[in-house]
Each structure stands twice: as structure tokens, then as C-alpha cells.
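Peer 1: Structure file upload-v3.cif (mmCIF, C-alpha atoms) is given on the next line.
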```cif
data_model
loop_
_atom_site.group_PDB
_atom_site.id
_atom_site.type_symbol
_atom_site.label_atom_id
_atom_site.label_comp_id
_atom_site.auth_asym_id
_atom_site.auth_seq_id
_atom_site.Cartn_x
_atom_site.Cartn_y
_atom_site.Cartn_z
ATOM 1 C CA MET A 1 -26.919 -14.226 -25.397
ATOM 2 C CA LYS A 2 -23.226 -14.764 -24.918
ATOM 3 C CA LEU A 3 -21.048 -12.590 -22.709
ATOM 4 C CA LYS A 4 -17.469 -12.754 -21.611
ATOM 5 C CA VAL A 5 -17.179 -12.749 -17.832
ATOM 6 C CA ASN A 6 -13.590 -12.530 -16.633
ATOM 7 C CA ASP A 7 -12.522 -13.874 -20.036
ATOM 8 C CA LYS A 8 -14.796 -16.906 -19.758
ATOM 9 C CA GLU A 9 -17.685 -17.289 -22.151
ATOM 10 C CA VAL A 10 -21.045 -17.267 -20.331
ATOM 11 C CA GLU A 11 -24.465 -17.952 -21.813
ATOM 12 C CA THR A 12 -27.088 -15.870 -20.043
ATOM 13 C CA GLY A 13 -30.729 -14.836 -20.136
ATOM 14 C CA ALA A 14 -29.913 -11.678 -18.151
ATOM 15 C CA THR A 15 -30.528 -8.376 -19.906
ATOM 16 C CA THR A 16 -29.269 -6.098 -17.138
ATOM 17 C CA LEU A 17 -26.260 -6.157 -14.866
ATOM 18 C CA SER A 18 -28.384 -6.769 -11.771
ATOM 19 C CA GLN A 19 -30.001 -9.811 -13.388
ATOM 20 C CA LEU A 20 -26.550 -11.120 -14.264
ATOM 21 C CA SER A 21 -25.367 -10.497 -10.731
ATOM 22 C CA GLN A 22 -28.255 -12.629 -9.412
ATOM 23 C CA GLU A 23 -27.590 -15.328 -11.956
ATOM 24 C CA LEU A 24 -23.919 -15.509 -10.948
ATOM 25 C CA ASP A 25 -24.781 -15.187 -7.259
ATOM 26 C CA LEU A 26 -22.336 -12.335 -6.751
ATOM 27 C CA PRO A 27 -21.703 -11.187 -3.164
ATOM 28 C CA ALA A 28 -23.453 -8.071 -1.901
ATOM 29 C CA THR A 29 -20.211 -6.310 -0.973
ATOM 30 C CA GLY A 30 -16.505 -6.368 -1.711
ATOM 31 C CA ILE A 31 -16.682 -6.584 -5.498
ATOM 32 C CA ALA A 32 -16.749 -4.212 -8.453
ATOM 33 C CA VAL A 33 -17.924 -4.754 -11.998
ATOM 34 C CA ALA A 34 -16.829 -3.219 -15.276
ATOM 35 C CA VAL A 35 -18.527 -3.596 -18.630
ATOM 36 C CA ASN A 36 -16.309 -3.093 -21.646
ATOM 37 C CA GLN A 37 -13.577 -1.509 -19.507
ATOM 38 C CA ARG A 38 -15.942 0.935 -17.774
ATOM 39 C CA MET A 39 -16.718 0.567 -14.083
ATOM 40 C CA ILE A 40 -20.466 0.453 -13.450
ATOM 41 C CA PRO A 41 -21.490 1.529 -9.921
ATOM 42 C CA ARG A 42 -23.791 -0.907 -8.155
ATOM 43 C CA ASN A 43 -26.557 1.718 -8.076
ATOM 44 C CA ASN A 44 -26.701 1.596 -11.873
ATOM 45 C CA TRP A 45 -26.749 -2.196 -12.234
ATOM 46 C CA ASN A 46 -30.551 -2.178 -12.430
ATOM 47 C CA THR A 47 -30.633 -0.040 -15.484
ATOM 48 C CA HIS A 48 -27.396 -1.041 -17.149
ATOM 49 C CA PRO A 49 -28.314 -3.061 -20.252
ATOM 50 C CA LEU A 50 -26.195 -5.968 -21.444
ATOM 51 C CA ASN A 51 -25.489 -6.647 -25.087
ATOM 52 C CA GLU A 52 -24.256 -9.679 -26.989
ATOM 53 C CA GLY A 53 -20.500 -9.986 -26.706
ATOM 54 C CA ASP A 54 -20.081 -7.541 -23.796
ATOM 55 C CA SER A 55 -16.915 -8.097 -21.835
ATOM 56 C CA ILE A 56 -17.483 -8.081 -18.080
ATOM 57 C CA ILE A 57 -14.814 -7.905 -15.435
ATOM 58 C CA ILE A 58 -15.635 -8.690 -11.811
ATOM 59 C CA ILE A 59 -12.953 -8.083 -9.200
ATOM 60 C CA LYS A 60 -12.535 -8.637 -5.474
ATOM 61 C CA ALA A 61 -9.852 -8.215 -2.834
ATOM 62 C CA VAL A 62 -6.834 -10.503 -2.683
ATOM 63 C CA CYS A 63 -3.786 -10.451 -0.433
ATOM 64 C CA GLY A 64 -1.135 -7.999 -1.600
ATOM 65 C CA GLY A 65 1.460 -5.524 -0.425
ATOM 66 C CA MET B 66 4.995 10.474 19.904
ATOM 67 C CA GLU B 67 3.561 12.838 17.364
ATOM 68 C CA LYS B 68 0.552 11.449 15.519
ATOM 69 C CA LEU B 69 0.774 10.854 11.827
ATOM 70 C CA ILE B 70 -1.850 12.644 9.788
ATOM 71 C CA ILE B 71 -2.572 11.761 6.176
ATOM 72 C CA ALA B 72 -5.337 13.530 4.291
ATOM 73 C CA GLY B 73 -6.882 14.622 7.584
ATOM 74 C CA ARG B 74 -6.939 11.118 9.123
ATOM 75 C CA GLU B 75 -4.933 10.503 12.287
ATOM 76 C CA PHE B 76 -2.850 7.365 12.652
ATOM 77 C CA ASN B 77 -1.552 6.146 16.001
ATOM 78 C CA SER B 78 0.765 3.665 14.320
ATOM 79 C CA ARG B 79 3.492 4.513 11.841
ATOM 80 C CA LEU B 80 3.759 0.955 10.592
ATOM 81 C CA PHE B 81 1.690 0.005 7.548
ATOM 82 C CA LEU B 82 1.241 -3.622 6.602
ATOM 83 C CA GLY B 83 0.913 -5.440 3.326
ATOM 84 C CA THR B 84 -1.151 -8.630 3.288
ATOM 85 C CA GLY B 85 0.734 -10.680 0.678
ATOM 86 C CA LYS B 86 2.612 -13.947 1.243
ATOM 87 C CA PHE B 87 1.136 -14.994 4.595
ATOM 88 C CA GLN B 88 0.506 -18.707 4.994
ATOM 89 C CA SER B 89 -3.132 -18.222 5.894
ATOM 90 C CA ASN B 90 -5.693 -15.494 6.388
ATOM 91 C CA GLU B 91 -5.732 -16.308 10.088
ATOM 92 C CA GLN B 92 -1.959 -15.805 10.365
ATOM 93 C CA MET B 93 -2.269 -12.527 8.470
ATOM 94 C CA LYS B 94 -5.019 -11.372 10.810
ATOM 95 C CA GLN B 95 -2.955 -12.193 13.890
ATOM 96 C CA ALA B 96 0.042 -10.321 12.463
ATOM 97 C CA ILE B 97 -2.124 -7.289 11.706
ATOM 98 C CA LEU B 98 -3.460 -7.277 15.260
ATOM 99 C CA ALA B 99 -0.017 -7.791 16.799
ATOM 100 C CA SER B 100 1.502 -4.982 14.732
ATOM 101 C CA GLU B 101 -1.195 -2.534 15.874
ATOM 102 C CA THR B 102 -1.134 -1.115 12.378
ATOM 103 C CA GLU B 103 -3.934 1.156 11.243
ATOM 104 C CA MET B 104 -3.250 0.959 7.503
ATOM 105 C CA VAL B 105 -3.365 -2.288 5.551
ATOM 106 C CA THR B 106 -2.933 -2.828 1.827
ATOM 107 C CA VAL B 107 -4.848 -5.237 -0.382
ATOM 108 C CA ALA B 108 -4.657 -6.040 -4.070
ATOM 109 C CA MET B 109 -7.401 -6.949 -6.531
ATOM 110 C CA LYS B 110 -8.031 -10.024 -8.618
ATOM 111 C CA ARG B 111 -10.702 -11.294 -10.932
ATOM 112 C CA VAL B 112 -13.407 -13.338 -9.230
ATOM 113 C CA GLU B 113 -13.461 -16.975 -10.205
ATOM 114 C CA LEU B 114 -17.092 -17.728 -10.805
ATOM 115 C CA ASP B 115 -17.215 -21.189 -9.251
ATOM 116 C CA ASP B 116 -15.076 -20.329 -6.302
ATOM 117 C CA LYS B 117 -16.896 -19.423 -3.088
ATOM 118 C CA GLU B 118 -13.886 -18.775 -0.844
ATOM 119 C CA ASP B 119 -14.540 -16.388 2.014
ATOM 120 C CA ASP B 120 -13.946 -12.694 1.595
ATOM 121 C CA LEU B 121 -10.440 -11.610 2.544
ATOM 122 C CA LEU B 122 -11.794 -8.332 3.850
ATOM 123 C CA ASN B 123 -13.541 -10.145 6.713
ATOM 124 C CA HIS B 124 -10.085 -10.914 8.115
ATOM 125 C CA ILE B 125 -8.851 -7.340 7.870
ATOM 126 C CA LEU B 126 -11.569 -4.852 8.438
ATOM 127 C CA ASN B 127 -12.042 -3.206 11.782
ATOM 128 C CA PRO B 128 -12.880 0.388 12.605
ATOM 129 C CA ASN B 129 -9.244 1.300 13.377
ATOM 130 C CA ILE B 130 -7.920 0.141 10.052
ATOM 131 C CA GLN B 131 -7.770 2.190 6.903
ATOM 132 C CA LEU B 132 -7.895 -0.138 3.943
ATOM 133 C CA LEU B 133 -5.416 0.817 1.247
ATOM 134 C CA PRO B 134 -6.164 -0.930 -2.052
ATOM 135 C CA ASN B 135 -3.245 -1.073 -4.445
ATOM 136 C CA THR B 136 -3.151 -1.037 -8.220
ATOM 137 C CA SER B 137 -0.643 -3.846 -8.556
ATOM 138 C CA GLY B 138 -0.842 -5.417 -11.994
ATOM 139 C CA VAL B 139 -1.455 -2.229 -13.978
ATOM 140 C CA ARG B 140 1.085 -1.175 -16.551
ATOM 141 C CA ASN B 141 0.267 2.463 -17.213
ATOM 142 C CA ALA B 142 -1.715 5.465 -15.997
ATOM 143 C CA GLU B 143 -4.841 4.575 -17.944
ATOM 144 C CA GLU B 144 -5.029 1.110 -16.404
ATOM 145 C CA ALA B 145 -4.293 2.604 -12.992
ATOM 146 C CA VAL B 146 -7.265 4.959 -13.204
ATOM 147 C CA PHE B 147 -9.506 2.058 -14.231
ATOM 148 C CA ALA B 148 -8.221 -0.094 -11.359
ATOM 149 C CA ALA B 149 -8.678 2.797 -8.933
ATOM 150 C CA GLN B 150 -12.315 3.158 -9.896
ATOM 151 C CA LEU B 151 -12.885 -0.562 -9.381
ATOM 152 C CA ALA B 152 -11.162 -0.396 -5.996
ATOM 153 C CA ARG B 153 -13.222 2.563 -4.845
ATOM 154 C CA GLU B 154 -16.426 0.774 -5.810
ATOM 155 C CA ALA B 155 -15.477 -2.611 -4.328
ATOM 156 C CA PHE B 156 -13.966 -1.436 -1.041
ATOM 157 C CA GLY B 157 -15.819 1.809 -0.404
ATOM 158 C CA THR B 158 -12.682 3.890 0.052
ATOM 159 C CA ASN B 159 -11.100 6.576 -2.079
ATOM 160 C CA TRP B 160 -7.659 5.839 -0.594
ATOM 161 C CA LEU B 161 -5.288 4.260 -3.053
ATOM 162 C CA LYS B 162 -1.775 2.934 -3.119
ATOM 163 C CA LEU B 163 -0.828 3.785 -6.656
ATOM 164 C CA GLU B 164 1.720 1.356 -8.006
ATOM 165 C CA ILE B 165 2.643 1.082 -11.650
ATOM 166 C CA HIS B 166 5.466 -1.342 -12.286
ATOM 167 C CA PRO B 167 5.350 -2.765 -15.778
ATOM 168 C CA ASP B 168 8.670 -4.575 -15.445
ATOM 169 C CA PRO B 169 8.011 -8.012 -13.907
ATOM 170 C CA LYS B 170 11.637 -8.731 -13.040
ATOM 171 C CA TYR B 171 12.530 -5.845 -10.744
ATOM 172 C CA LEU B 172 9.021 -4.426 -10.174
ATOM 173 C CA LEU B 173 10.428 -0.921 -10.311
ATOM 174 C CA PRO B 174 7.841 1.836 -10.570
ATOM 175 C CA ASP B 175 7.375 3.730 -13.827
ATOM 176 C CA SER B 176 7.912 7.345 -12.781
ATOM 177 C CA ILE B 177 6.309 8.961 -15.803
ATOM 178 C CA GLU B 178 3.110 6.919 -15.682
ATOM 179 C CA THR B 179 2.966 7.249 -11.880
ATOM 180 C CA LEU B 180 3.059 11.042 -12.086
ATOM 181 C CA LYS B 181 0.473 11.076 -14.877
ATOM 182 C CA ALA B 182 -1.862 8.788 -12.936
ATOM 183 C CA THR B 183 -1.437 10.814 -9.736
ATOM 184 C CA GLU B 184 -2.525 13.990 -11.534
ATOM 185 C CA GLN B 185 -5.625 12.280 -12.918
ATOM 186 C CA LEU B 186 -6.585 10.419 -9.746
ATOM 187 C CA VAL B 187 -6.305 13.500 -7.529
ATOM 188 C CA LYS B 188 -8.730 15.266 -9.871
ATOM 189 C CA LEU B 189 -11.091 12.296 -9.534
ATOM 190 C CA GLY B 190 -11.104 12.703 -5.754
ATOM 191 C CA PHE B 191 -8.762 9.907 -4.733
ATOM 192 C CA VAL B 192 -6.385 10.085 -1.788
ATOM 193 C CA VAL B 193 -3.288 8.985 -3.669
ATOM 194 C CA LEU B 194 -0.270 7.359 -1.997
ATOM 195 C CA PRO B 195 2.126 6.660 -4.845
ATOM 196 C CA TYR B 196 4.808 3.982 -4.650
ATOM 197 C CA CYS B 197 7.733 5.603 -6.396
ATOM 198 C CA GLN B 198 11.437 5.708 -7.073
ATOM 199 C CA ALA B 199 13.579 7.333 -4.398
ATOM 200 C CA ASP B 200 13.935 10.343 -6.669
ATOM 201 C CA PRO B 201 13.720 13.693 -4.863
ATOM 202 C CA THR B 202 12.655 15.586 -7.979
ATOM 203 C CA LEU B 203 9.925 13.100 -8.792
ATOM 204 C CA CYS B 204 8.699 13.238 -5.198
ATOM 205 C CA LYS B 205 8.354 17.031 -5.448
ATOM 206 C CA HIS B 206 6.369 16.624 -8.674
ATOM 207 C CA LEU B 207 4.093 14.036 -7.034
ATOM 208 C CA GLU B 208 3.544 16.351 -4.094
ATOM 209 C CA GLU B 209 2.697 19.239 -6.427
ATOM 210 C CA ALA B 210 0.277 16.967 -8.273
ATOM 211 C CA GLY B 211 -1.616 16.489 -5.004
ATOM 212 C CA ALA B 212 -0.313 13.157 -3.722
ATOM 213 C CA ALA B 213 -1.256 12.674 -0.054
ATOM 214 C CA THR B 214 2.135 11.117 0.663
ATOM 215 C CA VAL B 215 5.105 9.867 -1.283
ATOM 216 C CA MET B 216 6.216 6.253 -0.880
ATOM 217 C CA PRO B 217 9.777 5.916 -2.146
ATOM 218 C CA LEU B 218 11.390 2.498 -2.193
ATOM 219 C CA GLY B 219 14.294 1.405 -0.026
ATOM 220 C CA ALA B 220 15.094 -1.448 -2.420
ATOM 221 C CA PRO B 221 13.101 -3.508 -4.940
ATOM 222 C CA ILE B 222 9.903 -5.123 -3.631
ATOM 223 C CA GLY B 223 10.423 -8.306 -1.636
ATOM 224 C CA THR B 224 14.216 -8.185 -1.649
ATOM 225 C CA ASN B 225 14.641 -7.428 2.080
ATOM 226 C CA LYS B 226 17.793 -5.471 1.185
ATOM 227 C CA GLY B 227 17.021 -2.486 3.374
ATOM 228 C CA LEU B 228 17.640 1.181 2.640
ATOM 229 C CA GLN B 229 19.810 0.967 -0.451
ATOM 230 C CA THR B 230 18.510 4.405 -1.395
ATOM 231 C CA ARG B 231 19.242 6.020 1.966
ATOM 232 C CA ASP B 232 21.022 9.136 0.685
ATOM 233 C CA PHE B 233 18.140 9.928 -1.637
ATOM 234 C CA LEU B 234 15.595 9.150 1.052
ATOM 235 C CA ARG B 235 17.312 11.737 3.255
ATOM 236 C CA ILE B 236 16.917 14.391 0.581
ATOM 237 C CA ILE B 237 13.286 13.428 -0.030
ATOM 238 C CA ILE B 238 12.519 13.647 3.688
ATOM 239 C CA GLU B 239 14.293 17.001 3.977
ATOM 240 C CA GLN B 240 12.328 18.488 1.095
ATOM 241 C CA ALA B 241 8.887 16.952 1.523
ATOM 242 C CA ASN B 242 5.796 18.775 2.708
ATOM 243 C CA VAL B 243 3.777 15.555 2.720
ATOM 244 C CA PRO B 244 4.466 12.423 4.780
ATOM 245 C CA VAL B 245 7.257 10.224 3.402
ATOM 246 C CA ILE B 246 6.540 6.522 3.768
ATOM 247 C CA VAL B 247 9.385 4.177 3.015
ATOM 248 C CA ASP B 248 7.936 1.315 1.043
ATOM 249 C CA ALA B 249 9.567 -1.803 -0.357
ATOM 250 C CA GLY B 250 12.831 -3.472 0.511
ATOM 251 C CA ILE B 251 12.601 -3.129 4.291
ATOM 252 C CA GLY B 252 13.783 -6.541 5.425
ATOM 253 C CA ALA B 253 14.498 -6.224 9.125
ATOM 254 C CA PRO B 254 13.302 -4.153 12.061
ATOM 255 C CA SER B 255 16.679 -2.369 12.064
ATOM 256 C CA HIS B 256 15.966 -1.107 8.524
ATOM 257 C CA ALA B 257 12.622 0.270 9.649
ATOM 258 C CA ALA B 258 14.193 1.881 12.697
ATOM 259 C CA GLU B 259 16.834 3.498 10.505
ATOM 260 C CA ALA B 260 14.190 4.930 8.168
ATOM 261 C CA MET B 261 12.277 6.336 11.115
ATOM 262 C CA GLU B 262 15.434 7.795 12.711
ATOM 263 C CA MET B 263 16.049 9.578 9.413
ATOM 264 C CA GLY B 264 12.665 11.238 9.786
ATOM 265 C CA ALA B 265 10.468 9.060 7.592
ATOM 266 C CA SER B 266 6.834 9.438 8.580
ATOM 267 C CA ALA B 267 6.056 5.723 8.359
ATOM 268 C CA CYS B 268 7.194 2.399 6.904
ATOM 269 C CA LEU B 269 5.230 -0.071 4.837
ATOM 270 C CA VAL B 270 6.296 -3.652 5.448
ATOM 271 C CA ASN B 271 5.019 -6.890 3.961
ATOM 272 C CA THR B 272 7.473 -9.604 2.948
ATOM 273 C CA ALA B 273 9.758 -9.258 5.961
ATOM 274 C CA ILE B 274 6.844 -9.986 8.287
ATOM 275 C CA ALA B 275 4.904 -12.453 6.157
ATOM 276 C CA VAL B 276 7.807 -14.801 5.427
ATOM 277 C CA ALA B 277 9.423 -14.604 8.874
ATOM 278 C CA GLY B 278 9.776 -17.781 10.923
ATOM 279 C CA ASN B 279 7.109 -16.391 13.215
ATOM 280 C CA PRO B 280 5.208 -13.614 11.441
ATOM 281 C CA VAL B 281 3.225 -12.557 14.512
ATOM 282 C CA GLU B 282 6.385 -12.082 16.605
ATOM 283 C CA MET B 283 8.038 -10.292 13.684
ATOM 284 C CA ALA B 284 5.055 -7.950 13.463
ATOM 285 C CA VAL B 285 5.668 -7.018 17.098
ATOM 286 C CA ALA B 286 9.388 -6.541 16.412
ATOM 287 C CA PHE B 287 8.592 -4.145 13.553
ATOM 288 C CA LYS B 288 6.059 -2.286 15.665
ATOM 289 C CA GLU B 289 8.703 -1.741 18.354
ATOM 290 C CA ALA B 290 11.394 -0.786 15.832
ATOM 291 C CA VAL B 291 9.195 1.829 14.214
ATOM 292 C CA ILE B 292 8.313 3.297 17.600
ATOM 293 C CA ALA B 293 11.965 3.314 18.693
ATOM 294 C CA GLY B 294 13.105 4.937 15.462
ATOM 295 C CA ARG B 295 10.437 7.603 15.619
ATOM 296 C CA ARG B 296 11.110 8.362 19.285
ATOM 297 C CA ALA B 297 14.794 8.722 18.494
ATOM 298 C CA TYR B 298 14.036 11.099 15.643
ATOM 299 C CA GLU B 299 11.760 13.222 17.794
ATOM 300 C CA ALA B 300 14.278 13.189 20.662
ATOM 301 C CA GLY B 301 16.989 14.473 18.317
ATOM 302 C CA LEU B 302 19.877 12.164 17.535
ATOM 303 C CA GLY B 303 23.374 13.232 18.518
ATOM 304 C CA SER B 304 25.546 14.087 15.559
ATOM 305 C CA VAL B 305 27.672 11.386 13.984
ATOM 306 C CA GLY B 306 31.374 12.137 13.950
ATOM 307 C CA HIS B 307 33.337 11.924 10.727
ATOM 308 C CA ASN B 308 36.613 10.851 12.210
ATOM 309 C CA MET B 309 37.704 8.112 14.561
ATOM 310 C CA VAL B 310 38.710 10.341 17.460
ATOM 311 C CA ALA B 311 36.707 9.403 20.548
ATOM 312 C CA SER B 312 34.797 11.851 22.676
ATOM 313 C CA ALA B 313 34.599 10.830 26.333
ATOM 314 C CA SER B 314 31.246 10.450 27.928
ATOM 315 C CA SER B 315 32.753 10.143 31.416
ATOM 316 C CA PRO B 316 35.208 12.527 33.023
ATOM 317 C CA LEU B 317 38.784 11.344 32.491
ATOM 318 C CA THR B 318 40.419 13.525 35.068
ATOM 319 C CA ALA B 319 39.587 14.373 38.667
ATOM 320 C CA PHE B 320 39.596 10.757 39.858
ATOM 321 C CA LEU B 321 42.976 9.007 40.265
ATOM 322 C CA ASN B 322 45.083 11.853 38.995
ATOM 323 C CA GLU B 323 45.002 15.443 40.033
#
```
Can you turn what I pasted into C-alpha cells?

Peer 2:
Amino acid sequence: MKLKVNDKEVETGATTLSQLSQELDLPATGIAVAVNQRMIPRNNWNTHPLNEGDSIIIIKAVCGG
Amino acid sequence: MEKLIIAGREFNSRLFLGTGKFQSNEQMKQAILASETEMVTVAMKRVELDDKEDDLLNHILNPNIQLLPNTSGVRNAEEAVFAAQLAREAFGTNWLKLEIHPDPKYLLPDSIETLKATEQLVKLGFVVLPYCQADPTLCKHLEEAGAATVMPLGAPIGTNKGLQTRDFLRIIIEQANVPVIVDAGIGAPSHAAEAMEMGASACLVNTAIAVAGNPVEMAVAFKEAVIAGRRAYEAGLGSVGHNMVASASSPLTAFLNE
């Protein structure tokens, strides 16, 4: 299915957030993920289902004042 | 020197550092160490999927440092709450520098959205340090909403213009029951010292250190200025006269003349 990850279209076989995280090789710490503008805690990634067209945002730290 | 306490956490340093605009992560790290700061801000950005650059946090984190994620980039309270939740998840801290500045030219904070977001974030368990206008009434409202500090600006972000708002800062400091941290516009150690002499609890500095000729030396200069200003405040400054008539500090009689 197709998802939007940080506004980029991504074709994936993942059906949960943890599968997607493995597919994208996301780091184990220092990031957060939101699906359709809702933050999903890492503990729930296993059970959080993904659906066609979901919009995913993944953020990390950057320098700032 | 009295220790600074925010939300139950003790800080030995009254200088907070922003991490923007340094030439490299290594330079930023050296400036952080030299400043002896115990509070460091970071921003958030979207991960680029193909990019495997090292994690900024590796250059910042140590047990003495409280990480203070900011909400830079949000335009209203709703976006700020969303960003705060992402920050808490990503960085494992409920401390937050709330900044809502929808205007890209002057980056001035939106008071109404900042107050709204503070109310909501406090209820969600965040330790909220709002960047705000140097408005004494607003600062009282933020305090009543449960803000852990108020962070009024000296001048617009990155301008290095110093304490353009000094008269209002004085009123804010006089009235506040939470620490007052002067944020934004501090461009020289003398500005930081002035804020501390006025009784500010701390200063947050970024641009003035990061873009200095030698950022590590400038970090030391700011550290010393903040300490000097605070010591002066605690020692009790002599009053400033309002006229030009001198007041001798040495005896004028009893030497050559009877």
C-alpha cells in the first residue's frame, strides 16, 4: 500500500508502525512518529495498524535556540 | 550564589544555551562545555529518510544537562500541543520551551496562542517555559496558567540588540513568582550582565555565542557575565543618582586643609 512519510510517497508491505519502522531502519531513540497528526508512542507501534493513504510524520532533534 | 530552581530541579548555572547557528556539532559541544550551562535547547525537524547523519543529541546529552526542546515552527496552540507531544516522545523529557511565532519576519511571539497553549500543556503534564512578549500582564497570566518560568524577550530573536524592553522586564521581574529568564536579543555579555543585575533569574543565549569570532571563548565570557550580574544583584547594587551632582567616595577634608 501507499503511505505518505514526511510528505514523500512510500510504497510499503508493512501493516503496523513497528514493521514500517524496521523497513525504514528508524533509530531506536531520539525520534517520534505521528500518524495522521496523532503522536503514537513507541510502545504502541506493534499494534498500531497502517492504512492506505496514512500520513506519517517522523521527527528528530535539530539545532535550534 | 543562590541556586536556580525550576520545577523542583536545581541549576548551578544561570546561563541557558541555544544550539542553533554553530558551524559544527563539535564547536557547539565545546561551547556548551565551556559555558557550564545545564539547560540546552533543541528544535525538531522531519527525518530525511535517506539521510543517516549522526544524532545531534549525542553531542549534547550529559547527566548535568536538562534538554529543553522548543516548538519552533508552530503557528498556533494546536500545533504547539502536537509538537510538544512529539518532543516528549522523542527526547524523553516533559520540559518544553513553548514558542509560537507565526510571523517569519520579526519572529515575535503570539501572546494569545502562547497563553492558550500554556494552559493546555500544563494540564497535559508538561513543564512549560514560554517564550513571550515582555508584557507584565501576559507574564502574570502565564504564571497563573502554571508556566514554570516566563521567558520575555529583550529584543527580536537573533538581533543582538540587547534589552530594548528593559523597563518592562523590570516590572515583570518585580511582579513574578516564577523565575524570569530573559530570552532573545541578548547580543553581548554586558546585556546578559545587565539582565542579571536587574534580578532576572537566568538568560538564554544562542546567536551571540554561536556567531561570535570564537564561540567557545564567547561562551566563557557569557558565563562570567551572568555570574557577575547575579552576584551584583545578590550583593545589592548601590542606588543610581538622578542628577549629575557627584558624591565623594574619599574624604575631601582633613588632609591638606583643616

Peer 1: At a cut-off of 7 Å, which residues of chain B touch chain A? Count all atoms listed in the file and give the answer as a list in words.

Peer 2: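 Matching residues, ligands excluded from the count: Gly83, Thr84, Gly85, Thr106, Val107, Ala108, Met109, Lys110, Arg111, Val112, Leu121, Leu122, Gln150, Leu151, Glu154, Ala155, Phe156 and Asn271 of chain B.
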
Peer 1: Starting from the displayed file, determine the output of the PyMOL selection byres ((chain B and resi 238) around 12) and express the residue list as JSON, numbers by chain.

Peer 2: {"B": [199, 200, 201, 202, 204, 205, 214, 215, 216, 217, 231, 232, 233, 234, 235, 236, 237, 239, 240, 241, 242, 243, 244, 245, 246, 247, 260, 261, 262, 263, 264, 265, 266, 267]}

Peer 1: When the PyMOL selection byres ((chain B and resi 71-81) around 8) is applied to the file above, which residues end up in the set, as a ChimeraX atom specification?

Peer 2: /B:68-70,82-83,100-106,192,213-214,244,266-270,287-288,291-292

Peer 1: Distance CA of Ala290 (chain B)-CA of Asn159 (chain B), one decimal place?

Peer 2: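 Interatomic distance, CA of Ala290 (chain B) to CA of Asn159 (chain B): 29.7 Å.
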
Peer 1: For the file shown, report as a list in words the outcome of the PyMOL selection byres ((chain A and resi 52-56) around 6) at residue level.

Peer 2: Met1, Lys2, Leu3, Lys4, Val5, Ala34, Val35, Asn36, Asn51 and Ile57 of chain A

Peer 1: Could you state the separation of CA of Trp45 (chain A) and CA of Val146 (chain B) in Å, given to one decimal place?

Peer 2: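 One can read the CA of Trp45 (chain A) to CA of Val146 (chain B) distance as 20.8 Å.
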
Peer 1: Between CA of Pro167 (chain B) and CA of Leu132 (chain B), what distance in Å does the model show, to one decimal?

Peer 2: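 We find that CA of Pro167 (chain B) and CA of Leu132 (chain B) lie 23.9 Å from each other.
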
Peer 1: Could you please give me, as a ChimeraX atom specification, the residues of protein, DNA or RNA lying at most 10 Å from (1.9, 8.2, -18.6) in the coordinate frame of the file, considering all atoms listed in the file?

Peer 2: /B:140-143,165,175-183

Peer 1: My list of candidates is B:Asp120, B:Glu91, B:Glu259, B:Glu184. Which is closest to Gly211 (chain B) when distances are computed with all atoms listed in the file?

Peer 2: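 Ranking B:Asp120, B:Glu91, B:Glu259, B:Glu184 by distance to Gly211 (chain B), first place goes to B:Glu184.
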
Peer 1: Here is a test: counting only C-alpha atoms, which residue of B:Ala253, B:Leu317, B:Ala286, B:Ile130 is nearest to Lys94 (chain B)?

Peer 2: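 The shortest atom-to-atom distance to Lys94 (chain B) comes from B:Ile130.
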
Peer 1: Hey, can you pull every residue with an atom no more than 10 Å from (0.4, -15.4, 5.4), using only C-alpha atoms, and send it as a VMD selection string?

Peer 2: (chain A and resid 63) or (chain B and resid 84 to 96 271 to 272 274 to 277 280 to 281)

Peer 1: Create the file for the chosen residues now, containing C-alpha atoms and written as a PDB file, in the coordinates of the input.

Peer 2:
```pdb
ATOM      1  CA  CYS A  63      -3.786 -10.451  -0.433  1.00  0.00           C
TER       2      CYS A  63
ATOM      3  CA  THR B  84      -1.151  -8.630   3.288  1.00  0.00           C
ATOM      4  CA  GLY B  85       0.734 -10.680   0.678  1.00  0.00           C
ATOM      5  CA  LYS B  86       2.612 -13.947   1.243  1.00  0.00           C
ATOM      6  CA  PHE B  87       1.136 -14.994   4.595  1.00  0.00           C
ATOM      7  CA  GLN B  88       0.506 -18.707   4.994  1.00  0.00           C
ATOM      8  CA  SER B  89      -3.132 -18.222   5.894  1.00  0.00           C
ATOM      9  CA  ASN B  90      -5.693 -15.494   6.388  1.00  0.00           C
ATOM     10  CA  GLU B  91      -5.732 -16.308  10.088  1.00  0.00           C
ATOM     11  CA  GLN B  92      -1.959 -15.805  10.365  1.00  0.00           C
ATOM     12  CA  MET B  93      -2.269 -12.527   8.470  1.00  0.00           C
ATOM     13  CA  LYS B  94      -5.019 -11.372  10.810  1.00  0.00           C
ATOM     14  CA  GLN B  95      -2.955 -12.193  13.890  1.00  0.00           C
ATOM     15  CA  ALA B  96       0.042 -10.321  12.463  1.00  0.00           C
ATOM     16  CA  ASN B 271       5.019  -6.890   3.961  1.00  0.00           C
ATOM     17  CA  THR B 272       7.473  -9.604   2.948  1.00  0.00           C
ATOM     18  CA  ILE B 274       6.844  -9.986   8.287  1.00  0.00           C
ATOM     19  CA  ALA B 275       4.904 -12.453   6.157  1.00  0.00           C
ATOM     20  CA  VAL B 276       7.807 -14.801   5.427  1.00  0.00           C
ATOM     21  CA  ALA B 277       9.423 -14.604   8.874  1.00  0.00           C
ATOM     22  CA  PRO B 280       5.208 -13.614  11.441  1.00  0.00           C
ATOM     23  CA  VAL B 281       3.225 -12.557  14.512  1.00  0.00           C
TER      24      VAL B 281
END
```
